[in-house]
$ cat run_2.cif   # mmCIF, C-alpha atoms, pLDDT in the B column; chains and numbers go by the auth columns
data_protein
#
loop_
_atom_site.group_PDB
_atom_site.id
_atom_site.type_symbol
_atom_site.label_atom_id
_atom_site.label_comp_id
_atom_site.label_asym_id
_atom_site.label_seq_id
_atom_site.Cartn_x
_atom_site.Cartn_y
_atom_site.Cartn_z
_atom_site.B_iso_or_equiv
_atom_site.auth_seq_id
_atom_site.auth_asym_id
ATOM 1 C CA MET A 1 -72.506 -19.771 -46.991 68.00 1 A
ATOM 2 C CA SER A 2 -74.096 -16.650 -45.529 79.00 2 A
ATOM 3 C CA ALA A 3 -71.366 -14.592 -47.200 84.00 3 A
ATOM 4 C CA THR A 4 -72.608 -15.790 -50.597 88.00 4 A
ATOM 5 C CA ARG A 5 -76.193 -14.904 -49.680 89.00 5 A
ATOM 6 C CA TYR A 6 -75.103 -11.487 -48.473 88.00 6 A
ATOM 7 C CA ARG A 7 -73.243 -10.779 -51.744 92.00 7 A
ATOM 8 C CA ARG A 8 -76.240 -11.927 -53.801 92.00 8 A
ATOM 9 C CA PHE A 9 -78.543 -9.564 -51.894 90.00 9 A
ATOM 10 C CA LEU A 10 -76.047 -6.707 -52.297 91.00 10 A
ATOM 11 C CA LYS A 11 -75.904 -7.304 -56.042 93.00 11 A
ATOM 12 C CA LEU A 12 -79.713 -7.350 -56.176 92.00 12 A
ATOM 13 C CA CYS A 13 -79.835 -4.032 -54.291 90.00 13 A
ATOM 14 C CA GLU A 14 -77.418 -2.495 -56.792 91.00 14 A
ATOM 15 C CA GLU A 15 -79.520 -3.671 -59.746 91.00 15 A
ATOM 16 C CA TRP A 16 -82.878 -2.725 -58.232 89.00 16 A
ATOM 17 C CA PRO A 17 -84.054 0.632 -59.610 85.00 17 A
ATOM 18 C CA ARG A 18 -84.658 3.470 -57.201 83.00 18 A
ATOM 19 C CA ASP A 19 -87.451 5.957 -57.880 79.00 19 A
ATOM 20 C CA ASP A 20 -86.655 9.286 -56.229 78.00 20 A
ATOM 21 C CA ALA A 21 -90.108 10.617 -57.122 74.00 21 A
ATOM 22 C CA LYS A 22 -91.727 8.259 -54.605 74.00 22 A
ATOM 23 C CA LYS A 23 -89.644 9.490 -51.682 73.00 23 A
ATOM 24 C CA ALA A 24 -90.260 7.189 -48.693 75.00 24 A
ATOM 25 C CA ARG A 25 -92.562 4.839 -50.640 80.00 25 A
ATOM 26 C CA ASP A 26 -89.946 3.420 -52.985 83.00 26 A
ATOM 27 C CA LEU A 27 -89.560 -0.355 -53.025 88.00 27 A
ATOM 28 C CA GLY A 28 -85.848 -0.131 -53.865 89.00 28 A
ATOM 29 C CA THR A 29 -85.183 1.985 -50.781 89.00 29 A
ATOM 30 C CA PHE A 30 -87.248 -0.352 -48.617 90.00 30 A
ATOM 31 C CA LEU A 31 -85.345 -3.365 -49.957 91.00 31 A
ATOM 32 C CA ARG A 32 -81.995 -1.749 -49.146 91.00 32 A
ATOM 33 C CA GLN A 33 -83.146 -1.012 -45.598 91.00 33 A
ATOM 34 C CA ARG A 34 -84.369 -4.583 -45.073 91.00 34 A
ATOM 35 C CA VAL A 35 -81.118 -6.080 -46.366 90.00 35 A
ATOM 36 C CA ALA A 36 -79.123 -3.768 -44.080 90.00 36 A
ATOM 37 C CA SER A 37 -81.194 -4.799 -41.051 90.00 37 A
ATOM 38 C CA ALA A 38 -81.177 -8.527 -41.926 88.00 38 A
ATOM 39 C CA PHE A 39 -77.397 -8.623 -42.518 88.00 39 A
ATOM 40 C CA ARG A 40 -76.243 -6.372 -39.660 86.00 40 A
ATOM 41 C CA GLU A 41 -72.914 -8.156 -39.390 85.00 41 A
ATOM 42 C CA GLY A 42 -72.366 -8.257 -43.137 85.00 42 A
ATOM 43 C CA GLU A 43 -70.875 -11.496 -44.417 83.00 43 A
ATOM 44 C CA ASN A 44 -70.582 -12.849 -40.858 84.00 44 A
ATOM 45 C CA THR A 45 -74.327 -12.755 -40.201 84.00 45 A
ATOM 46 C CA GLN A 46 -75.819 -16.064 -39.077 87.00 46 A
ATOM 47 C CA ILE A 47 -79.063 -16.829 -40.918 85.00 47 A
ATOM 48 C CA SER A 48 -81.662 -18.712 -38.890 84.00 48 A
ATOM 49 C CA ASP A 49 -83.629 -20.009 -41.910 87.00 49 A
ATOM 50 C CA PRO A 50 -81.413 -20.323 -45.013 87.00 50 A
ATOM 51 C CA GLU A 51 -84.169 -21.902 -47.143 92.00 51 A
ATOM 52 C CA LYS A 52 -86.512 -18.985 -46.506 93.00 52 A
ATOM 53 C CA CYS A 53 -83.687 -16.538 -47.242 91.00 53 A
ATOM 54 C CA ASP A 54 -82.951 -18.256 -50.575 91.00 54 A
ATOM 55 C CA GLN A 55 -86.636 -18.342 -51.468 94.00 55 A
ATOM 56 C CA MET A 56 -86.973 -14.617 -50.721 93.00 56 A
ATOM 57 C CA TYR A 57 -83.941 -13.826 -52.856 93.00 57 A
ATOM 58 C CA GLU A 58 -85.248 -15.883 -55.782 95.00 58 A
ATOM 59 C CA SER A 59 -88.653 -14.178 -55.595 94.00 59 A
ATOM 60 C CA LEU A 60 -87.123 -10.697 -55.560 94.00 60 A
ATOM 61 C CA ALA A 61 -84.739 -11.616 -58.391 94.00 61 A
ATOM 62 C CA ARG A 62 -87.683 -12.775 -60.543 95.00 62 A
ATOM 63 C CA ILE A 63 -89.481 -9.482 -59.921 92.00 63 A
ATOM 64 C CA ASN A 64 -86.343 -7.493 -60.735 92.00 64 A
ATOM 65 C CA ASP A 65 -85.801 -9.455 -63.962 91.00 65 A
ATOM 66 C CA ASN A 66 -89.418 -8.791 -65.067 91.00 66 A
ATOM 67 C CA PHE A 67 -90.043 -12.545 -65.158 93.00 67 A
ATOM 68 C CA TYR A 68 -93.779 -12.190 -64.546 91.00 68 A
ATOM 69 C CA ARG A 69 -94.170 -9.274 -66.930 89.00 69 A
ATOM 70 C CA GLN A 70 -92.671 -11.356 -69.731 91.00 70 A
ATOM 71 C CA ARG A 71 -94.556 -14.503 -68.792 93.00 71 A
ATOM 72 C CA PHE A 72 -97.936 -12.764 -68.486 90.00 72 A
ATOM 73 C CA PRO A 73 -97.892 -9.854 -70.951 87.00 73 A
ATOM 74 C CA ARG A 74 -100.625 -7.239 -70.671 80.00 74 A
ATOM 75 C CA VAL A 75 -102.863 -6.423 -73.582 80.00 75 A
ATOM 76 C CA ARG A 76 -102.967 -2.745 -72.637 75.00 76 A
ATOM 77 C CA ASP A 77 -100.967 -0.598 -70.256 72.00 77 A
ATOM 78 C CA THR A 78 -104.073 0.807 -68.584 71.00 78 A
ATOM 79 C CA SER A 79 -106.338 -0.337 -65.796 72.00 79 A
ATOM 80 C CA PHE A 80 -110.113 -0.416 -65.514 77.00 80 A
ATOM 81 C CA THR A 81 -110.024 3.307 -64.776 78.00 81 A
ATOM 82 C CA GLY A 82 -108.553 4.137 -68.160 79.00 82 A
ATOM 83 C CA VAL A 83 -105.592 5.891 -66.549 80.00 83 A
ATOM 84 C CA THR A 84 -102.379 5.386 -68.502 80.00 84 A
ATOM 85 C CA VAL A 85 -99.064 4.345 -66.948 79.00 85 A
ATOM 86 C CA GLU A 86 -97.679 7.881 -67.265 80.00 86 A
ATOM 87 C CA GLU A 87 -100.753 9.397 -65.591 80.00 87 A
ATOM 88 C CA CYS A 88 -100.571 6.831 -62.809 78.00 88 A
ATOM 89 C CA LYS A 89 -96.877 7.571 -62.195 76.00 89 A
ATOM 90 C CA LEU A 90 -97.656 11.279 -62.131 76.00 90 A
ATOM 91 C CA LEU A 91 -100.422 10.778 -59.590 75.00 91 A
ATOM 92 C CA LEU A 92 -98.285 8.562 -57.372 73.00 92 A
ATOM 93 C CA SER A 93 -95.240 10.823 -57.491 71.00 93 A
ATOM 94 C CA GLY A 94 -96.849 13.512 -55.358 65.00 94 A
ATOM 95 C CA ASN A 95 -95.395 16.257 -57.566 61.00 95 A
ATOM 96 C CA VAL A 96 -98.654 17.104 -59.275 56.00 96 A
ATOM 97 C CA GLN A 97 -99.435 20.626 -60.363 57.00 97 A
ATOM 98 C CA GLN A 98 -103.202 20.618 -60.343 54.00 98 A
ATOM 99 C CA THR A 99 -105.364 21.928 -63.121 53.00 99 A
ATOM 100 C CA ASP A 100 -109.075 22.602 -62.701 55.00 100 A
ATOM 101 C CA GLU A 101 -109.935 19.080 -63.834 56.00 101 A
ATOM 102 C CA GLU A 102 -107.361 17.513 -61.517 55.00 102 A
ATOM 103 C CA LYS A 103 -108.530 19.561 -58.530 63.00 103 A
ATOM 104 C CA LYS A 104 -111.710 17.492 -58.468 68.00 104 A
ATOM 105 C CA GLY A 105 -109.650 14.545 -57.412 77.00 105 A
ATOM 106 C CA LEU A 106 -109.290 11.093 -58.822 77.00 106 A
ATOM 107 C CA TRP A 107 -112.137 9.655 -56.756 78.00 107 A
ATOM 108 C CA LYS A 108 -114.686 12.250 -57.920 81.00 108 A
ATOM 109 C CA THR A 109 -113.565 11.883 -61.522 77.00 109 A
ATOM 110 C CA LEU A 110 -113.964 8.116 -61.359 78.00 110 A
ATOM 111 C CA MET A 111 -117.334 8.414 -59.664 79.00 111 A
ATOM 112 C CA GLU A 112 -118.531 10.755 -62.403 80.00 112 A
ATOM 113 C CA ARG A 113 -117.219 8.464 -65.115 77.00 113 A
ATOM 114 C CA PHE A 114 -118.850 5.297 -63.747 80.00 114 A
ATOM 115 C CA SER A 115 -122.047 6.723 -62.263 79.00 115 A
ATOM 116 C CA LYS A 116 -123.480 8.098 -65.480 68.00 116 A
ATOM 117 C CA SER A 117 -126.665 6.280 -66.353 60.00 117 A
ATOM 118 C CA PRO A 118 -127.652 5.721 -69.992 54.00 118 A
ATOM 119 C CA GLU A 119 -130.160 8.578 -69.742 56.00 119 A
ATOM 120 C CA GLU A 120 -127.426 11.043 -68.745 54.00 120 A
ATOM 121 C CA ALA A 121 -125.074 10.005 -71.521 50.00 121 A
ATOM 122 C CA PRO A 122 -124.918 12.440 -74.428 52.00 122 A
ATOM 123 C CA GLU A 123 -127.174 11.405 -77.267 53.00 123 A
ATOM 124 C CA LYS A 124 -125.630 10.365 -80.511 52.00 124 A
ATOM 125 C CA ALA A 125 -126.565 12.180 -83.667 51.00 125 A
ATOM 126 C CA PRO A 126 -128.933 10.118 -85.793 54.00 126 A
ATOM 127 C CA GLU A 127 -127.163 8.232 -88.512 56.00 127 A
ATOM 128 C CA LYS A 128 -128.183 8.968 -92.099 51.00 128 A
#
$ encode --input "run_2.cif" --output "structure tokens"
Amino acid sequence: MSATRYRRFLKLCEEWPRDDAKKARDLGTFLRQRVASAFREGENTQISDPEKCDQMYESLARINDNFYRQRFPRVRDTSFTGVTVEECKLLLSGNVQQTDEEKKGLWKTLMERFSKSPEEAPEKAPEK
């Protein structure tokens, strides 16, 4: 039975996308390492808790199949910061060529955006 579990995890590792931009922070790489360490003897590995192993596989398979993304769709692909998915990926990749605005840093930019009081906000032109 552990051979079947091992093959299922191997298939999941093959399907799981790998993001080379994240280097050592990629979930796909981490998953492959964990499967390799958990199944050191391959198909002959004895699993101490088969129920927990099956539950872990099912959870990872649901994430890989975008089960939760389809079940709970998002209205917008931004967060409270207003940063888009592409900007977030760029920031997390570590391969950012900084412009003057980006050199301030994300934290300072967010602090400026959320710390403006109504008095500091630019006044609107009077409507006619």
$ resolve_selection --input "run_2.cif" --expression "the PyMOL selection byres ((chain A and resi 1-10) around 12)" --output "PyMOL selection string"
chain A and resi 11-16+28+31-61+64
$ axis_aligned_box --input "run_2.cif" --around "segment 3-22 of chain A" --padding-each-side "4 Å" --output "lines of an AutoDock Vina configuration file"
center_x = -81.5
center_y = -2.6
center_z = -53.5
size_x = 28.4
size_y = 34.4
size_z = 20.5
$ atom_distance --input "run_2.cif" --atom1 "atom CA of Arg25 of chain A" --atom2 "atom CA of Leu106 of chain A"
19.6 Å
$ closest_residue --input "run_2.cif" --among "A:Leu92, A:Lys23, A:Arg69, A:Thr81" --to "Trp107 of chain A" --atoms "all atoms listed in the file"
A:Thr81
$ closest_residue --input "run_2.cif" --among "A:Gly82, A:Gln70, A:Ala21, A:Leu90" --to "Arg113 of chain A" --atoms "all atoms listed in the file"
A:Gly82
$ atom_distance --input "run_2.cif" --atom1 "atom CA of Ala24 of chain A" --atom2 "atom CA of Ser93 of chain A"
10.7 Å
$ decode --input "run_2.cif" --residues "segment 37-68 of chain A" --atoms "N, CA and C atoms" --output "short mmCIF file (atom, residue, chain, number, x, y, z; two decimals), in the first residue's frame"
data_model
loop_
_atom_site.label_atom_id
_atom_site.label_comp_id
_atom_site.auth_asym_id
_atom_site.auth_seq_id
_atom_site.Cartn_x
_atom_site.Cartn_y
_atom_site.Cartn_z
N SER A 37 12.52 13.00 1.46
CA SER A 37 12.94 12.63 2.82
C SER A 37 11.93 11.68 3.48
N ALA A 38 10.64 11.83 3.17
CA ALA A 38 9.63 10.96 3.78
C ALA A 38 9.67 9.56 3.19
N PHE A 39 9.97 9.46 1.90
CA PHE A 39 10.02 8.15 1.22
C PHE A 39 11.47 7.83 0.84
N ARG A 40 12.32 7.72 1.83
CA ARG A 40 13.75 7.46 1.58
C ARG A 40 13.98 6.13 0.87
N GLU A 41 13.17 5.16 1.20
CA GLU A 41 13.34 3.83 0.60
C GLU A 41 12.42 3.63 -0.61
N GLY A 42 11.86 4.70 -1.12
CA GLY A 42 11.00 4.60 -2.29
C GLY A 42 9.72 3.87 -1.98
N GLU A 43 9.36 2.92 -2.82
CA GLU A 43 8.12 2.17 -2.67
C GLU A 43 8.14 1.24 -1.45
N ASN A 44 9.32 0.95 -0.93
CA ASN A 44 9.44 0.04 0.21
C ASN A 44 9.39 0.75 1.56
N THR A 45 9.14 2.04 1.56
CA THR A 45 9.11 2.81 2.80
C THR A 45 7.90 2.40 3.64
N GLN A 46 8.13 2.18 4.92
CA GLN A 46 7.04 1.87 5.85
C GLN A 46 6.51 3.19 6.43
N ILE A 47 5.21 3.40 6.31
CA ILE A 47 4.59 4.64 6.78
C ILE A 47 4.00 4.38 8.15
N SER A 48 4.38 5.22 9.12
CA SER A 48 3.91 5.01 10.49
C SER A 48 2.45 5.41 10.67
N ASP A 49 1.98 6.43 9.95
CA ASP A 49 0.60 6.89 10.08
C ASP A 49 -0.02 7.05 8.69
N PRO A 50 -0.58 5.97 8.14
CA PRO A 50 -1.11 6.03 6.78
C PRO A 50 -2.27 7.02 6.62
N GLU A 51 -3.11 7.16 7.66
CA GLU A 51 -4.24 8.09 7.56
C GLU A 51 -3.76 9.53 7.42
N LYS A 52 -2.75 9.88 8.20
CA LYS A 52 -2.20 11.23 8.13
C LYS A 52 -1.54 11.47 6.77
N CYS A 53 -0.87 10.46 6.25
CA CYS A 53 -0.23 10.54 4.94
C CYS A 53 -1.27 10.77 3.85
N ASP A 54 -2.39 10.02 3.90
CA ASP A 54 -3.46 10.19 2.92
C ASP A 54 -4.11 11.56 3.03
N GLN A 55 -4.30 12.02 4.26
CA GLN A 55 -4.90 13.33 4.47
C GLN A 55 -3.99 14.43 3.91
N MET A 56 -2.69 14.30 4.12
CA MET A 56 -1.74 15.29 3.61
C MET A 56 -1.75 15.30 2.08
N TYR A 57 -1.80 14.12 1.49
CA TYR A 57 -1.84 14.04 0.03
C TYR A 57 -3.11 14.71 -0.51
N GLU A 58 -4.25 14.40 0.09
CA GLU A 58 -5.51 14.97 -0.37
C GLU A 58 -5.50 16.49 -0.25
N SER A 59 -4.96 17.01 0.82
CA SER A 59 -4.88 18.47 1.01
C SER A 59 -4.01 19.12 -0.06
N LEU A 60 -2.85 18.54 -0.31
CA LEU A 60 -1.95 19.07 -1.33
C LEU A 60 -2.56 18.96 -2.73
N ALA A 61 -3.26 17.86 -2.98
CA ALA A 61 -3.90 17.68 -4.29
C ALA A 61 -4.99 18.72 -4.52
N ARG A 62 -5.75 19.06 -3.46
CA ARG A 62 -6.77 20.10 -3.59
C ARG A 62 -6.14 21.46 -3.89
N ILE A 63 -5.03 21.75 -3.24
CA ILE A 63 -4.34 23.02 -3.51
C ILE A 63 -3.83 23.04 -4.95
N ASN A 64 -3.23 21.96 -5.39
CA ASN A 64 -2.69 21.87 -6.74
C ASN A 64 -3.77 21.98 -7.81
N ASP A 65 -4.96 21.46 -7.52
CA ASP A 65 -6.07 21.51 -8.47
C ASP A 65 -6.86 22.81 -8.41
N ASN A 66 -6.39 23.78 -7.60
CA ASN A 66 -7.08 25.06 -7.42
C ASN A 66 -8.51 24.88 -6.91
N PHE A 67 -8.73 23.90 -6.08
CA PHE A 67 -10.06 23.62 -5.53
C PHE A 67 -10.59 24.84 -4.78
N TYR A 68 -9.77 25.41 -3.91
CA TYR A 68 -10.23 26.53 -3.09
C TYR A 68 -10.36 27.82 -3.89
#
